[in-house]
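*Asks:* The following block contains the structure, expressed as structure tokens.
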Amino acid sequence: MIVREGLDHPAGQAAVTLPVGEEELGRHQRGGQGGAGLRHKSSIESQPERLLSALSVTPIPVRTRRLWGFAHADAENGRVTRLDLHTHAERPELARSLPELMAGLWPEFVLHGAVAERHDHHTSSTFAAYSLYLCAGGEVVAAGKTVPLFWDGTAQGLPGGWDGALERGVRDHLAGRAPNTLCALGAMVSRRHQGQGLSSQILGAMRALAGKHRLGALIAPVRPTRKAEYPLTPMGRYASWRRADGLPFDPWLRTHERVGGRFRRVAEDSMTVTGTVREWEGWAGMPFPDPGEYVVPGALCPVTIDLDRDEGRYVEPNVWMVHKPLPD
Ligand SMILES: CC(C)(COP(=O)(O)OP(=O)(O)OC[C@H]1O[C@@H](n2cnc3c(N)ncnc32)[C@H](O)[C@@H]1OP(=O)(O)O)[C@@H](O)C(=O)NCCC(=O)NCCS
């Protein structure tokens with residue numbers, strides 16, 4: 001379904017339209033997981049009234065003087081019933097909530113990639129208009145960040161992965177090359193608000209952002225959320241696993257697919273994290289007495305420990321998914 005709310009923002013667009021996966025949200029709000037057979041693709045173009053009545057929600061009146069936003073329902077006992085959407089450019093102070101929001105959501109080592117350490121600051125400066133906060137009752141309950149870049153539309157032309165996308169976004173920006181694509185770099189939902197379908201809302205917001213900026217696609221180097229339970233399985237194999245209902249086995253890949261994302265290729269070298277053995281022992285919370293490969297909690301594939309070089313090295317594979325933007 002689509003919820004449309006009036007807008008008033010500097011770029012002069014009159015409205016933004018964000019998708020709310022009707023069955024997705026309805027199912028989550030009912031609190032049930034349902035059987036696999038009951039799960040099918042959300043209809044993006046269906047009647048908002050149906051969802052709203054199913055949730056006992058009142059449509060939010062149009063509010064002006066806000067860059068853009070969307071609404072469906074109010075926060076009560078952690079249940080999100082109404083969301084406001086802001087970019088970092090619009091409400092930079094919301095970034096103060098991020099450390100608390102992010103606490104424990106990611107394994108520590110993913111925050112120490114060399115590219116992230118070098119360039120991540122751009123997401124709240126150069127690309128501030130492409131970082132998103134989803135708020136309920138004034139509280140940031142979810143966030144996402146994206147970067148605009150140029151992509152030639154081919155599988156080979158995709159960036160190497162997460163690192164490559166951020167590097168390309170920065171490089172394109174510095175070179176004055178006009179972007180034609182938006183790339184998702186991360187989506188997160190606070191622990192308290194998980195399991196309510198907010199991740200689909202983030203993806204919808206990202207697709208809308210791509211449309212607002214007249215970009216031709218939303219691409220995402222997806223970090224499948226259950227892959228860490230199968231660190232020895234090659235990513236291509238893992239991404240091909242399907243449930244009986246035909247949807248991906250992995251919940252996050254499934255969410256992408258439900259809102260219309262399509263698999264493009266595996267990004268084998270999406271993000272590289274290197275550190276000393278001591279650093280890795282701290283990040284992983286386990287000692288590495290011998291050289292070799294280790295299964296580390298939260299890692300999607302083994303981490304290689306080289307005691308002679310005093311180095312731990314992790315090259316994370318991700319999955320490229322491609323989405324259509326939502327028309328502005
Ligand atoms: C991944 C994440 C964004 C999902 O957010 P969410 O709003 O809780 O997810 P949803 O409620 O939309 O659920 C989406 C699917 O994931 C499943 N899911 C949600 N949390 C889960 C968990 N902790 N473990 C396993 N499955 C989970 C849901 O059951 C649903 O699957 P379904 O198709 O069977 O219904 C959230 O868990 C998160 O922020 N994780 C940490 C950061 C991260 O890994 N981000 C993704 C990589 S960038």
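Ordering of the structure tokens sets the chain letters (A, B, ...); residue numbers start at 1 within each chain; ligands are numbered from 1 in the order shown.
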Among region 95-267 of chain A, which ones does DSSP assign to helix (DSSP H, G or I) (computed from the backbone)? Answer as a ChimeraX atom specification.

*Replies:* /A:95-102,108-112,114-124,128-130,162-175,191-193,198-212,227-229,235-240,251-258

*Asks:* Could you pull out the strand (DSSP E) residues of region 82-235 of chain A from DSSP and send them as a PyMOL selection string?

*Replies:* chain A and resi 84-87+131-136+139-149+181-189+217-222

*Asks:* Taking only C-alpha atoms and all ligand atoms into account, which residues are within 7 Å of ligand 1, as a PyMOL selection string?

*Replies:* chain A and resi 28+33+105-106+185-190+193-200+222-226+251-252+254-255

*Asks:* Any idea what's packed within 12 Å of Thr304 (chain A), counting only C-alpha atoms, ignoring anything in its chain fewer than 5 positions away? Could you give it as number ranges by chain?

*Replies:* A: 272-277, 280, 288, 290-296, 299, 309-316

*Asks:* Restricting it to N, CA and C atoms, dump the selection as a compact mmCIF listing (two decimals), in the first residue's frame.

*Replies:*
# COMPACT_ATOMS: atom_id res chain seq x y z
N THR A 272 36.24 -5.31 3.91
CA THR A 272 37.44 -5.93 4.48
C THR A 272 37.77 -5.27 5.82
N VAL A 273 38.01 -6.13 6.80
CA VAL A 273 38.39 -5.62 8.13
C VAL A 273 39.70 -6.30 8.51
N THR A 274 40.73 -5.51 8.71
CA THR A 274 41.99 -6.06 9.19
C THR A 274 42.35 -5.39 10.51
N GLY A 275 43.07 -6.13 11.33
CA GLY A 275 43.50 -5.57 12.61
C GLY A 275 44.58 -6.46 13.18
N THR A 276 45.21 -6.01 14.24
CA THR A 276 46.19 -6.87 14.89
C THR A 276 45.44 -8.04 15.55
N VAL A 277 46.21 -9.07 15.91
CA VAL A 277 45.57 -10.23 16.54
C VAL A 277 44.91 -9.79 17.85
N TRP A 280 41.68 -8.09 17.07
CA TRP A 280 40.67 -9.06 16.69
C TRP A 280 40.16 -9.84 17.90
N PHE A 288 42.85 -16.23 19.97
CA PHE A 288 43.26 -16.96 18.76
C PHE A 288 44.66 -17.51 18.98
N ASP A 290 46.29 -20.08 17.79
CA ASP A 290 47.03 -20.63 16.64
C ASP A 290 46.72 -19.79 15.40
N PRO A 291 47.60 -19.86 14.41
CA PRO A 291 47.24 -19.25 13.13
C PRO A 291 46.18 -20.11 12.45
N GLY A 292 45.44 -19.52 11.54
CA GLY A 292 44.45 -20.30 10.79
C GLY A 292 43.12 -19.58 10.70
N GLU A 293 42.11 -20.35 10.32
CA GLU A 293 40.78 -19.78 10.11
C GLU A 293 39.90 -20.03 11.32
N TYR A 294 39.14 -19.02 11.71
CA TYR A 294 38.28 -19.13 12.87
C TYR A 294 36.85 -18.72 12.53
N VAL A 295 35.92 -19.46 13.12
CA VAL A 295 34.52 -19.06 13.08
C VAL A 295 34.31 -18.09 14.24
N VAL A 296 33.89 -16.88 13.90
CA VAL A 296 33.77 -15.82 14.90
C VAL A 296 32.30 -15.39 14.99
N ALA A 299 30.33 -13.17 12.32
CA ALA A 299 31.04 -13.08 11.04
C ALA A 299 30.34 -13.99 10.01
N ARG A 309 52.43 -12.34 11.05
CA ARG A 309 52.24 -10.94 10.63
C ARG A 309 51.46 -10.13 11.66
N ASP A 310 51.05 -10.80 12.72
CA ASP A 310 50.21 -10.17 13.74
C ASP A 310 48.99 -9.49 13.09
N GLU A 311 48.30 -10.32 12.31
CA GLU A 311 47.17 -9.75 11.59
C GLU A 311 45.98 -10.69 11.56
N GLY A 312 44.81 -10.14 11.78
CA GLY A 312 43.56 -10.85 11.54
C GLY A 312 42.90 -10.19 10.34
N ARG A 313 42.33 -11.01 9.45
CA ARG A 313 41.76 -10.45 8.23
C ARG A 313 40.42 -11.11 7.96
N TYR A 314 39.44 -10.26 7.66
CA TYR A 314 38.08 -10.74 7.40
C TYR A 314 37.58 -10.04 6.16
N VAL A 315 37.16 -10.84 5.18
CA VAL A 315 36.62 -10.26 3.94
C VAL A 315 35.17 -10.72 3.85
N GLU A 316 34.28 -9.80 4.13
CA GLU A 316 32.86 -10.17 4.23
C GLU A 316 32.18 -10.20 2.87
